[in-house]
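Data block for run09.txt (compact mmCIF, C-alpha atoms (C1' of nucleotides)):
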# COMPACT_ATOMS: atom_id res chain seq x y z
CA MET I 646 -2.67 0.98 -7.70
CA ARG I 647 -1.24 -0.92 -4.87
CA LEU I 648 2.38 -1.35 -4.05
CA SER I 649 2.93 -3.72 -1.16
CA THR I 650 5.70 -5.96 0.02
CA LYS I 651 4.12 -8.70 -2.01
CA GLY I 652 4.72 -6.66 -5.14
CA ARG I 653 8.22 -5.96 -4.00
CA TYR I 654 8.96 -9.64 -3.60
CA ALA I 655 7.66 -10.23 -7.09
CA VAL I 656 9.68 -7.41 -8.63
CA THR I 657 12.77 -8.52 -6.76
CA ALA I 658 12.33 -12.10 -7.92
CA MET I 659 11.80 -10.99 -11.50
CA LEU I 660 14.90 -8.85 -11.33
CA ASP I 661 16.82 -11.83 -10.05
CA LEU I 662 15.45 -13.91 -12.89
CA THR I 663 16.46 -11.24 -15.39
CA LEU I 664 19.97 -11.06 -14.01
CA GLN I 665 20.52 -14.80 -13.94
CA GLY I 666 18.64 -15.56 -17.12
CA GLY I 667 20.31 -16.60 -20.33
CA ASP I 668 22.11 -19.60 -18.92
CA GLY I 669 19.02 -21.71 -18.94
CA PRO I 670 16.18 -21.81 -16.49
CA VAL I 671 16.51 -20.48 -12.96
CA THR I 672 15.06 -22.54 -10.14
CA LEU I 673 12.89 -21.10 -7.43
CA ALA I 674 15.25 -22.71 -4.95
CA GLU I 675 18.03 -20.47 -6.21
CA ILE I 676 15.91 -17.35 -6.04
CA SER I 677 14.73 -18.35 -2.60
CA GLU I 678 18.32 -18.72 -1.48
CA THR I 679 19.58 -15.58 -3.15
CA GLN I 680 16.75 -13.29 -2.15
CA GLY I 681 15.78 -14.77 1.18
CA ILE I 682 12.18 -15.47 0.23
CA SER I 683 10.55 -18.72 1.27
CA LEU I 684 10.26 -21.27 -1.50
CA SER I 685 6.55 -21.86 -1.06
CA TYR I 686 5.78 -18.19 -1.07
CA LEU I 687 7.75 -17.85 -4.28
CA GLU I 688 5.69 -20.65 -5.72
CA GLN I 689 2.54 -18.71 -5.00
CA LEU I 690 3.92 -15.57 -6.53
CA PHE I 691 5.13 -17.42 -9.59
CA ALA I 692 1.75 -19.02 -10.02
CA CYS I 693 0.38 -15.48 -10.45
CA LEU I 694 3.23 -14.47 -12.73
CA ARG I 695 2.80 -17.56 -14.84
CA GLY I 696 -0.91 -16.87 -15.11
CA LYS I 697 -0.09 -13.56 -16.72
CA GLN I 698 2.53 -15.13 -18.99
CA LEU I 699 5.30 -13.18 -17.35
CA VAL I 700 7.29 -16.33 -16.67
CA ARG I 701 7.43 -19.77 -18.20
CA GLY I 702 8.09 -22.83 -16.09
CA VAL I 703 10.01 -25.94 -17.13
CA ARG I 704 9.44 -29.05 -15.10
CA GLY I 705 11.71 -31.86 -14.21
CA PRO I 706 15.38 -31.94 -13.22
CA GLY I 707 17.28 -29.10 -14.80
CA GLY I 708 14.04 -27.20 -15.01
CA GLY I 709 13.17 -23.83 -13.60
CA TYR I 710 11.79 -20.57 -14.87
CA TYR I 711 12.42 -18.33 -17.84
CA LEU I 712 11.04 -14.89 -18.40
CA GLY I 713 7.84 -15.22 -20.37
CA ARG I 714 9.00 -12.64 -22.88
CA PRO I 715 12.02 -10.39 -23.40
CA ALA I 716 12.93 -8.26 -20.41
CA GLU I 717 12.30 -5.18 -22.54
CA GLU I 718 8.66 -6.13 -22.76
CA ILE I 719 7.99 -6.66 -19.08
CA SER I 720 7.11 -3.56 -17.15
CA ILE I 721 7.08 -3.10 -13.41
CA ALA I 722 3.37 -2.47 -13.62
CA ASP I 723 2.91 -5.84 -15.30
CA ILE I 724 4.60 -7.55 -12.39
CA ILE I 725 2.77 -5.70 -9.67
CA CYS I 726 -0.59 -6.14 -11.33
CA ALA I 727 0.04 -9.86 -11.62
CA VAL I 728 0.44 -10.41 -7.90
CA ASP I 729 -1.40 -7.51 -6.28
CA GLU I 730 -5.06 -7.34 -6.84
CA TRP I 731 -6.07 -4.08 -8.43
CA VAL I 732 -8.78 -2.93 -6.11
CA GLU I 733 -11.17 -0.34 -7.33
CA PHE I 734 -11.30 2.43 -4.82
CA THR I 735 -14.25 4.47 -5.93
CA ARG I 736 -17.44 3.18 -4.49
CA CYS I 737 -19.68 5.23 -6.68
CA GLY I 738 -18.68 3.12 -9.70
CA GLY I 739 -19.93 5.06 -12.64
CA LYS I 740 -22.16 7.88 -11.74
CA ARG I 741 -24.62 6.36 -9.38
CA ASP I 742 -24.48 7.75 -5.87
CA CYS I 743 -22.73 10.75 -7.23
CA LYS I 744 -25.53 13.06 -6.40
CA ASP I 745 -23.49 15.05 -4.00
CA GLY I 746 -20.67 15.64 -6.42
CA LYS I 747 -17.87 16.34 -4.05
CA ARG I 748 -17.24 12.77 -3.25
CA CYS I 749 -17.17 11.82 -6.86
CA LEU I 750 -14.83 14.61 -7.77
CA THR I 751 -12.34 13.44 -5.20
CA HIS I 752 -12.67 9.95 -6.56
CA ASN I 753 -11.97 11.23 -10.01
CA LEU I 754 -8.87 12.94 -8.80
CA TRP I 755 -7.72 9.78 -7.12
CA ASP I 756 -8.33 7.83 -10.29
CA GLU I 757 -6.34 10.36 -12.21
CA LEU I 758 -3.44 10.04 -9.85
CA SER I 759 -3.74 6.29 -9.86
CA SER I 760 -3.56 6.26 -13.64
CA GLU I 761 -0.47 8.38 -13.57
CA ILE I 762 1.28 6.08 -11.17
CA PHE I 763 0.28 3.15 -13.31
CA ASN I 764 1.57 4.81 -16.47
CA PHE I 765 4.79 5.64 -14.76
CA LEU I 766 5.36 2.07 -13.65
CA SER I 767 4.36 0.87 -17.08
CA SER I 768 7.10 2.98 -18.56
CA ILE I 769 9.85 1.13 -16.72
CA ASN I 770 10.81 -2.28 -17.99
CA LEU I 771 13.12 -4.85 -16.51
CA ALA I 772 15.85 -4.44 -19.09
CA GLU I 773 16.10 -0.70 -18.61
CA LEU I 774 16.15 -1.03 -14.90
CA VAL I 775 18.97 -3.53 -15.01
CA GLU I 776 20.95 -1.43 -17.44
CA ARG I 777 20.60 1.78 -15.56
CA GLY I 778 20.95 0.30 -12.12
CA GLY I 779 23.81 -1.96 -12.99
CA LEU I 780 26.12 0.95 -13.52
CA LYS I 781 26.07 1.91 -9.97
CA GLU I 782 26.89 -1.12 -7.94
CA GLU I 783 30.38 -1.93 -6.99
CA GLY I 784 30.75 -4.45 -4.25
CA CYS I 785 27.33 -3.64 -2.96
CA ILE I 786 28.28 -0.69 -0.90
CA ARG I 787 25.84 1.96 -1.37
CA GLU I 788 25.98 5.26 0.41
CA ASP I 789 23.43 5.40 3.14
CA ASN I 790 21.87 8.47 1.67
CA LYS I 791 18.87 6.51 0.59
CA ASP I 792 17.64 6.55 4.13
CA ASP I 793 17.70 10.31 4.42
CA LEU I 794 16.33 10.68 0.97
CA VAL I 795 13.33 8.71 1.89
CA ALA I 796 12.75 9.19 5.54
CA SER I 797 12.01 12.77 6.25
CA ARG I 798 11.95 14.97 3.25
CA GLY I 799 9.59 17.51 4.64
CA THR I 800 9.09 19.76 1.69
CA THR I 801 9.61 18.12 -1.57
CA ARG I 802 9.09 20.64 -4.23
CA ALA I 803 9.98 23.70 -2.30
CA ALA I 804 13.58 23.68 -3.36
CA MET L 1037 7.74 2.91 -1.11
CA ARG L 1038 4.44 1.57 -0.11
CA LEU L 1039 1.13 2.49 -1.58
CA SER L 1040 -1.71 0.92 0.32
CA THR L 1041 -5.36 1.66 0.88
CA LYS L 1042 -4.32 3.53 3.98
CA GLY L 1043 -2.36 5.93 1.84
CA ARG L 1044 -5.29 6.19 -0.51
CA TYR L 1045 -7.59 7.17 2.29
CA ALA L 1046 -5.13 9.82 3.34
CA VAL L 1047 -4.69 11.20 -0.17
CA THR L 1048 -8.43 11.17 -0.71
CA ALA L 1049 -9.03 13.01 2.54
CA MET L 1050 -6.38 15.57 1.72
CA LEU L 1051 -7.90 16.09 -1.70
CA ASP L 1052 -11.25 16.65 -0.05
CA LEU L 1053 -9.65 19.12 2.30
CA THR L 1054 -8.04 20.93 -0.60
CA LEU L 1055 -11.30 21.14 -2.48
CA GLN L 1056 -13.35 22.38 0.44
CA GLY L 1057 -10.66 24.55 1.94
CA GLY L 1058 -10.74 28.30 1.84
CA ASP L 1059 -14.05 28.77 3.59
CA GLY L 1060 -12.61 28.06 6.99
CA PRO L 1061 -11.74 24.77 8.60
CA VAL L 1062 -13.21 21.49 7.44
CA THR L 1063 -14.39 19.03 10.06
CA LEU L 1064 -13.51 15.38 10.03
CA ALA L 1065 -17.20 14.66 10.34
CA GLU L 1066 -17.73 16.28 6.95
CA ILE L 1067 -14.91 14.37 5.33
CA SER L 1068 -16.17 11.19 6.92
CA GLU L 1069 -19.59 11.81 5.47
CA THR L 1070 -18.40 12.89 2.06
CA GLN L 1071 -15.78 10.22 1.54
CA GLY L 1072 -17.31 7.34 3.46
CA ILE L 1073 -14.41 6.87 5.83
CA SER L 1074 -15.08 6.21 9.49
CA LEU L 1075 -14.55 9.19 11.74
CA SER L 1076 -12.22 7.44 14.15
CA TYR L 1077 -10.08 6.12 11.38
CA LEU L 1078 -9.83 9.60 9.96
CA GLU L 1079 -8.73 10.81 13.37
CA GLN L 1080 -5.90 8.33 13.32
CA LEU L 1081 -4.84 9.32 9.86
CA PHE L 1082 -5.00 12.99 10.71
CA ALA L 1083 -2.91 12.41 13.80
CA CYS L 1084 -0.17 11.24 11.43
CA LEU L 1085 -0.75 14.08 9.01
CA ARG L 1086 -0.67 16.60 11.79
CA GLY L 1087 2.56 15.12 13.09
CA LYS L 1088 4.16 15.90 9.75
CA GLN L 1089 2.62 19.39 9.67
CA LEU L 1090 0.54 18.56 6.65
CA VAL L 1091 -2.62 19.69 8.38
CA ARG L 1092 -3.41 22.06 11.20
CA GLY L 1093 -6.26 21.39 13.60
CA VAL L 1094 -8.47 23.97 15.23
CA ARG L 1095 -10.33 22.86 18.30
CA GLY L 1096 -13.70 23.78 19.62
CA PRO L 1097 -16.99 24.44 17.89
CA GLY L 1098 -16.54 25.81 14.42
CA GLY L 1099 -13.15 24.14 14.39
CA GLY L 1100 -11.77 21.60 11.99
CA TYR L 1101 -8.70 21.21 9.81
CA TYR L 1102 -6.75 23.41 7.45
CA LEU L 1103 -3.97 22.34 5.15
CA GLY L 1104 -0.71 22.81 6.98
CA ARG L 1105 0.77 24.74 4.08
CA PRO L 1106 -0.30 25.79 0.61
CA ALA L 1107 -1.58 22.97 -1.59
CA GLU L 1108 1.27 23.68 -3.99
CA GLU L 1109 3.73 22.63 -1.34
CA ILE L 1110 2.17 19.32 -0.38
CA SER L 1111 3.15 16.39 -2.54
CA ILE L 1112 1.48 13.02 -2.75
CA ALA L 1113 4.65 11.47 -1.41
CA ASP L 1114 4.43 13.71 1.65
CA ILE L 1115 0.98 12.38 2.38
CA ILE L 1116 1.76 8.75 1.83
CA CYS L 1117 4.95 8.92 3.84
CA ALA L 1118 3.05 10.49 6.71
CA VAL L 1119 0.66 7.59 7.13
CA ASP L 1120 2.46 4.61 5.64
CA GLU L 1121 5.56 3.47 7.37
CA TRP L 1122 8.51 3.41 5.06
CA VAL L 1123 9.84 -0.08 5.54
CA GLU L 1124 13.36 -0.79 4.50
CA PHE L 1125 13.34 -3.79 2.24
CA THR L 1126 16.96 -4.73 1.96
CA ARG L 1127 18.04 -7.03 4.69
CA CYS L 1128 21.69 -6.73 3.97
CA GLY L 1129 21.61 -3.17 5.29
CA GLY L 1130 25.11 -1.96 4.71
CA LYS L 1131 27.56 -4.51 3.50
CA ARG L 1132 27.04 -7.52 5.66
CA ASP L 1133 25.73 -10.59 3.87
CA CYS L 1134 26.54 -9.04 0.59
CA LYS L 1135 29.36 -11.37 -0.18
CA ASP L 1136 27.61 -13.01 -2.99
CA GLY L 1137 26.75 -9.85 -4.78
CA LYS L 1138 23.79 -11.01 -6.69
CA ARG L 1139 21.36 -10.57 -3.90
CA CYS L 1140 22.64 -7.15 -3.15
CA LEU L 1141 22.51 -6.14 -6.78
CA THR L 1142 18.86 -6.97 -6.93
CA HIS L 1143 18.34 -4.97 -3.78
CA ASN L 1144 20.10 -2.06 -5.35
CA LEU L 1145 17.86 -2.27 -8.34
CA TRP L 1146 14.84 -2.31 -6.13
CA ASP L 1147 16.10 0.70 -4.24
CA GLU L 1148 16.66 2.47 -7.50
CA LEU L 1149 13.13 1.79 -8.61
CA SER L 1150 11.81 2.71 -5.22
CA SER L 1151 13.57 6.06 -5.37
CA GLU L 1152 12.11 6.71 -8.77
CA ILE L 1153 8.62 6.05 -7.59
CA PHE L 1154 9.24 8.30 -4.63
CA ASN L 1155 10.55 11.09 -6.82
CA PHE L 1156 7.61 10.73 -9.11
CA LEU L 1157 5.10 11.02 -6.31
CA SER L 1158 7.07 13.92 -4.91
CA SER L 1159 6.64 15.73 -8.18
CA ILE L 1160 2.87 15.81 -7.92
CA ASN L 1161 1.33 18.29 -5.52
CA LEU L 1162 -2.25 18.70 -4.44
CA ALA L 1163 -2.82 21.94 -6.29
CA GLU L 1164 -1.63 20.56 -9.61
CA LEU L 1165 -3.68 17.47 -9.21
CA VAL L 1166 -6.85 19.44 -8.55
CA GLU L 1167 -6.19 21.71 -11.50
CA ARG L 1168 -5.43 19.01 -13.97
CA GLY L 1169 -7.97 16.52 -12.75
CA GLY L 1170 -10.81 18.96 -12.67
CA LEU L 1171 -10.93 19.22 -16.44
CA LYS L 1172 -12.01 15.71 -17.01
CA GLU L 1173 -15.05 14.99 -15.02
CA GLU L 1174 -18.41 15.93 -16.29
CA GLY L 1175 -21.66 14.83 -14.81
CA CYS L 1176 -20.25 14.17 -11.42
CA ILE L 1177 -19.86 17.73 -10.37
CA ARG L 1178 -22.71 19.59 -8.87
CA GLU L 1179 -23.52 23.23 -9.36
CA ASP L 1180 -23.41 24.33 -5.76
CA ASN L 1181 -20.00 22.85 -5.10
CA LYS L 1182 -18.43 24.07 -8.23
CA ASP L 1183 -17.64 27.66 -7.40
CA ASP L 1184 -14.17 27.60 -5.96
CA LEU L 1185 -13.19 24.72 -8.19
CA VAL L 1186 -14.14 26.55 -11.29
CA ALA L 1187 -12.18 29.48 -10.11
CA SER L 1188 -9.07 27.45 -9.58
CA ARG L 1189 -9.14 25.53 -12.80
CA GLY L 1190 -10.14 28.27 -15.15
CA THR L 1191 -13.16 27.03 -16.99
CA THR L 1192 -15.69 24.30 -16.91
CA ARG L 1193 -16.30 24.19 -20.58
CA ALA L 1194 -15.14 20.64 -20.85
CA ALA L 1195 -18.70 19.39 -20.56
C1' DG T 637 -20.44 29.42 33.33
C1' DT T 638 -22.71 25.84 31.26
C1' DT T 639 -23.35 23.59 27.06
C1' DT T 640 -21.68 22.02 22.92
C1' DA T 641 -18.90 21.05 18.83
C1' DA T 642 -15.10 19.89 17.60
C1' DA T 643 -10.10 18.14 17.97
C1' DC T 644 -7.34 14.93 20.46
C1' DC T 645 -6.05 10.44 22.76
C1' DG T 646 -5.40 5.43 23.75
C1' DA T 647 -6.96 0.88 24.26
C1' DG T 648 -9.43 -2.79 22.17
C1' DT T 649 -11.27 -5.72 18.16
C1' DA T 650 -12.65 -7.84 13.86
C1' DT T 651 -11.26 -8.55 9.29
C1' DT T 652 -8.10 -9.06 5.86
C1' DT T 653 -3.66 -9.74 3.94
C1' DA T 654 0.93 -11.27 3.93
C1' DA T 655 4.04 -14.77 4.50
C1' DG T 656 5.18 -19.21 5.48
C1' DT T 657 4.18 -24.32 6.25
C1' DT T 658 2.85 -28.85 5.13
C1' DG T 659 2.05 -32.44 2.31
C1' DG T 660 1.21 -33.61 -1.48
C1' DT T 661 0.87 -34.57 -7.35
C1' DA T 662 2.76 -34.11 -12.10
C1' DT T 663 6.75 -34.07 -15.25
C1' DT T 664 10.93 -34.70 -16.91
C1' DT T 665 15.82 -36.22 -16.71
C1' DG T 666 19.08 -39.67 -16.19
C1' DC H 1281 13.26 -46.64 -11.31
C1' DA H 1282 14.97 -42.26 -8.44
C1' DA H 1283 15.62 -37.60 -8.16
C1' DA H 1284 14.72 -32.81 -9.16
C1' DT H 1285 11.86 -29.75 -10.31
C1' DA H 1286 7.40 -27.34 -11.23
C1' DC H 1287 2.80 -27.27 -9.69
C1' DC H 1288 -1.12 -27.28 -6.35
C1' DA H 1289 -4.26 -26.63 -2.25
C1' DA H 1290 -5.18 -26.35 2.33
C1' DC H 1291 -3.76 -24.73 6.69
C1' DT H 1292 -1.27 -21.54 10.09
C1' DT H 1293 0.81 -17.56 11.97
C1' DA H 1294 1.79 -12.79 12.20
C1' DA H 1295 0.94 -8.35 11.00
C1' DA H 1296 -1.56 -4.58 9.08
C1' DT H 1297 -5.93 -2.53 8.09
C1' DA H 1298 -10.07 -0.52 9.28
C1' DC H 1299 -12.95 0.31 12.68
C1' DT H 1300 -15.03 0.85 17.63
C1' DC H 1301 -15.42 2.61 22.21
C1' DG H 1302 -14.89 5.60 25.75
C1' DG H 1303 -12.95 9.01 27.06
C1' DT H 1304 -10.17 14.23 27.67
C1' DT H 1305 -9.33 18.60 26.28
C1' DT H 1306 -10.22 23.12 23.97
C1' DA H 1307 -12.77 26.98 22.61
C1' DA H 1308 -16.85 28.99 20.69
C1' DA H 1309 -21.81 29.90 21.50
C1' DC H 1310 -25.54 30.48 24.43

Can you give me the file's structure in the form of structure tokens?
Amino acid sequence: MRLSTKGRYAVTAMLDLTLQGGDGPVTLAEISETQGISLSYLEQLFACLRGKQLVRGVRGPGGGYYLGRPAEEISIADIICAVDEWVEFTRCGGKRDCKDGKRCLTHNLWDELSSEIFNFLSSINLAELVERGGLKEEGCIREDNKDDLVASRGTTRAA
Amino acid sequence: MRLSTKGRYAVTAMLDLTLQGGDGPVTLAEISETQGISLSYLEQLFACLRGKQLVRGVRGPGGGYYLGRPAEEISIADIICAVDEWVEFTRCGGKRDCKDGKRCLTHNLWDELSSEIFNFLSSINLAELVERGGLKEEGCIREDNKDDLVASRGTTRAA
DNA sequence: GTTTAAACCGAGTATTTAAGTTGGTATTTG
DNA sequence: CAAATACCAACTTAAATACTCGGTTTAAAC
């Protein structure tokens, strides 16, 4: 699993599309403006998303993009997989080269973890995220606790 | 949250360290050999890990690395945060620019998701991962390496 | 006390990826 | 037709990744 800024752009754009959707198609120009992502880069991302049927484009004036299917049926993993290549990490692919065992075991563990992350992200869909998250915002001011939360939580499970 | 190959290398190396640990320190040369990661790159990663107290180095011949604290108290998020910079995605940081609301709402949603991913990865520690993951593989594990593993995961009857 | 195995350190580099740019073509609306 | 939009491909820049090189400590072993 890979979660880069590219994936973030894609998720952000899809969230934007979800929020604005319903009133007809949303143009990339709008998303570009709203989210501060360059239009051409969005085009590239949406080419990937369209390839995986996550969005549907409508050409011509008044055109734009719709979600490819209901927001309930689009998971975060779907989005990230569409734009971020899923690179296989294990080099032993299968059981060749696995003569020494230890290497392969570690690979297995990584795969296990990777699957869990994937399953987790698969369990979150756009609709849920919007519903849950939407409760919280009021005028955009969020407490700055997210920084501390994230920055230096030395021991995580100790407490 | 960011989950790149760099983080994967770090997690893989830490898993290796967990698996081999107990018999004294593990050298980077061994990890390099076992996992196929260049020694100098490992040094860089371990400089980060050491900075966050996740590992403890012992110099001189017979030296190497120990886990900085028990495997139960090291989460995957700890490892990834140590090596991957946590870049703040929102550009509105605070309340400036957030006049139009929509942009900021999407940012909030992203933050929400990001926190969830972080919490999820915080909930998985090295010890658990080794215990759970060990059950699955068969054929990749070698007799002579199995001893401490078998001890820690109970039985090897899966095969 | 010399040698040696290791951690530690910092600068440099090649490759890849991300992100944006440019300059289009294809479709559809009006 | 003109305009707005998706669509497309090649190029460019900037940054991150992954690695290299050449060291310096430190401490154990001889």

Determine, using all atoms listed in the file, which residues of chain T have any atom at most 9 Å from an atom of chain I, and tabulate each with its shortest atom pair and distance in Å to one decimal place, rows ordered by chain and then rising number, as JSON lines.
{"residue": "T:DA654", "atom": "C1'", "partner": "I:Lys651", "partner_atom": "CA", "distance": 7.2}
{"residue": "T:DA655", "atom": "C1'", "partner": "I:Tyr686", "partner_atom": "CA", "distance": 6.8}
{"residue": "T:DG656", "atom": "C1'", "partner": "I:Tyr686", "partner_atom": "CA", "distance": 6.7}
{"residue": "T:DT657", "atom": "C1'", "partner": "I:Ser685", "partner_atom": "CA", "distance": 8.1}
{"residue": "T:DA662", "atom": "C1'", "partner": "I:Arg704", "partner_atom": "CA", "distance": 8.9}
{"residue": "T:DT663", "atom": "C1'", "partner": "I:Gly705", "partner_atom": "CA", "distance": 5.5}
{"residue": "T:DT664", "atom": "C1'", "partner": "I:Gly705", "partner_atom": "CA", "distance": 4.0}
{"residue": "T:DT665", "atom": "C1'", "partner": "I:Pro706", "partner_atom": "CA", "distance": 5.5}

| said: Give me the residues near L:Ala1065 as a list in words, where near means some atom within 9 Å (using all atoms listed in the file) and where sequence neighbours in that chain fewer than 3 positions away do not count. | reply: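 Selected residues are Val1062, Ser1068, Glu1069, Thr1070, Ser1074, Leu1075, Leu1078 and Gly1100 of chain L.
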
Can you tell me which residues surround I:Ala692 at a distance of at most 12 Å, considering all atoms listed in the file, apart from same-chain residues fewer than 2 positions away, and format the answer as a PDB file with C-alpha atoms (C1' of nucleotides), in the frame of the given file?
ATOM      1  CA  ALA I 655       7.660 -10.230  -7.090  1.00  0.00           C
ATOM      2  CA  LEU I 673      12.890 -21.100  -7.430  1.00  0.00           C
ATOM      3  CA  SER I 685       6.550 -21.860  -1.060  1.00  0.00           C
ATOM      4  CA  TYR I 686       5.780 -18.190  -1.070  1.00  0.00           C
ATOM      5  CA  LEU I 687       7.750 -17.850  -4.280  1.00  0.00           C
ATOM      6  CA  GLU I 688       5.690 -20.650  -5.720  1.00  0.00           C
ATOM      7  CA  GLN I 689       2.540 -18.710  -5.000  1.00  0.00           C
ATOM      8  CA  LEU I 690       3.920 -15.570  -6.530  1.00  0.00           C
ATOM      9  CA  LEU I 694       3.230 -14.470 -12.730  1.00  0.00           C
ATOM     10  CA  ARG I 695       2.800 -17.560 -14.840  1.00  0.00           C
ATOM     11  CA  GLY I 696      -0.910 -16.870 -15.110  1.00  0.00           C
ATOM     12  CA  LYS I 697      -0.090 -13.560 -16.720  1.00  0.00           C
ATOM     13  CA  GLN I 698       2.530 -15.130 -18.990  1.00  0.00           C
ATOM     14  CA  LEU I 699       5.300 -13.180 -17.350  1.00  0.00           C
ATOM     15  CA  VAL I 700       7.290 -16.330 -16.670  1.00  0.00           C
ATOM     16  CA  ARG I 701       7.430 -19.770 -18.200  1.00  0.00           C
ATOM     17  CA  GLY I 702       8.090 -22.830 -16.090  1.00  0.00           C
ATOM     18  CA  TYR I 710      11.790 -20.570 -14.870  1.00  0.00           C
ATOM     19  CA  ALA I 727       0.040  -9.860 -11.620  1.00  0.00           C
ATOM     20  CA  VAL I 728       0.440 -10.410  -7.900  1.00  0.00           C
TER      21      VAL I 728
ATOM     22  C1'  DA H1286       7.400 -27.340 -11.230  1.00  0.00           C
ATOM     23  C1'  DC H1287       2.800 -27.270  -9.690  1.00  0.00           C
ATOM     24  C1'  DC H1288      -1.120 -27.280  -6.350  1.00  0.00           C
TER      25       DC H1288
END

Could you build a table of the residues in chain H lying no more than 6 Å from chain L, giving for each the nearest pair of atoms and their separation in Å rounded to one decimal place, using only C-alpha atoms (C1' of nucleotides), ordered by chain and ascending residue number, as JSON lines?
{"residue": "H:DT1306", "atom": "C1'", "partner": "L:Gly1096", "partner_atom": "CA", "distance": 5.6}
{"residue": "H:DA1307", "atom": "C1'", "partner": "L:Gly1096", "partner_atom": "CA", "distance": 4.5}
{"residue": "H:DA1308", "atom": "C1'", "partner": "L:Pro1097", "partner_atom": "CA", "distance": 5.3}

At most 8 Å is the cut-off: for each residue in chain H with any atom that close to an atom of stretch 643-650 of chain T, write down the nearest atom pair and the distance in Å rounded to one decimal, counting only C-alpha atoms (C1' of nucleotides), chain first then increasing number, as a Markdown table.
| residue | atom | partner | partner_atom | distance |
| --- | --- | --- | --- | --- |
| H:DT1300 | C1' | T:DT649 | C1' | 7.6 |
| H:DT1304 | C1' | T:DC645 | C1' | 7.4 |
| H:DT1305 | C1' | T:DC644 | C1' | 7.2 |
| H:DT1306 | C1' | T:DA643 | C1' | 7.8 |

Expressed in Å, the length from atom CA of L:Leu1039 to atom CA of I:Leu648 is 4.7 Å

Can you work out the spacing between atom CA of I:Val656 and atom CA of I:Leu758 in Å, to one decimal?
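Between atom CA of I:Val656 and atom CA of I:Leu758 the gap works out to 21.9 Å.
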
What separates atom CA of I:Thr751 and atom CA of L:Leu1055 is a distance of 8.2 Å

Who sits within 9 Å of I:Glu718, all atoms listed in the file, same chain under 6 positions skipped, as a PyMOL selection string: chain I and resi 770-772

Using all atoms listed in the file: which of L:Gly1104, L:Ile1112, L:Ser1150, L:Cys1140 has the shortest distance to chain I: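 Among the listed residues, L:Cys1140 lies closest to chain I.
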
With all atoms of stretch 1071-1086 of chain L from the file as input, state the centre and edge lengths in Å to one decimal of the axis-aligned box that has 4 Å extra on each side, as JSON.
{"center_x": -8.7, "center_y": 11.4, "center_z": 7.8, "size_x": 25.1, "size_y": 18.5, "size_z": 20.6}

Checklist line | Minimum-distance residue to chain I, chosen among L:Glu1152, L:Arg1038, L:Met1050, L:Ile1115 (using all atoms listed in the file) | finding: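 Closest residue, counting all atoms listed in the file: L:Arg1038.
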
*Near L:Ser1158, counting all atoms listed in the file, which residues have an atom at most 7 Å away, once you skip same-chain residues fewer than 4 positions from it, shown as a list in words?*
Thr801 of chain I; Ser1111, Ile1112, Ala1113 and Phe1154 of chain L
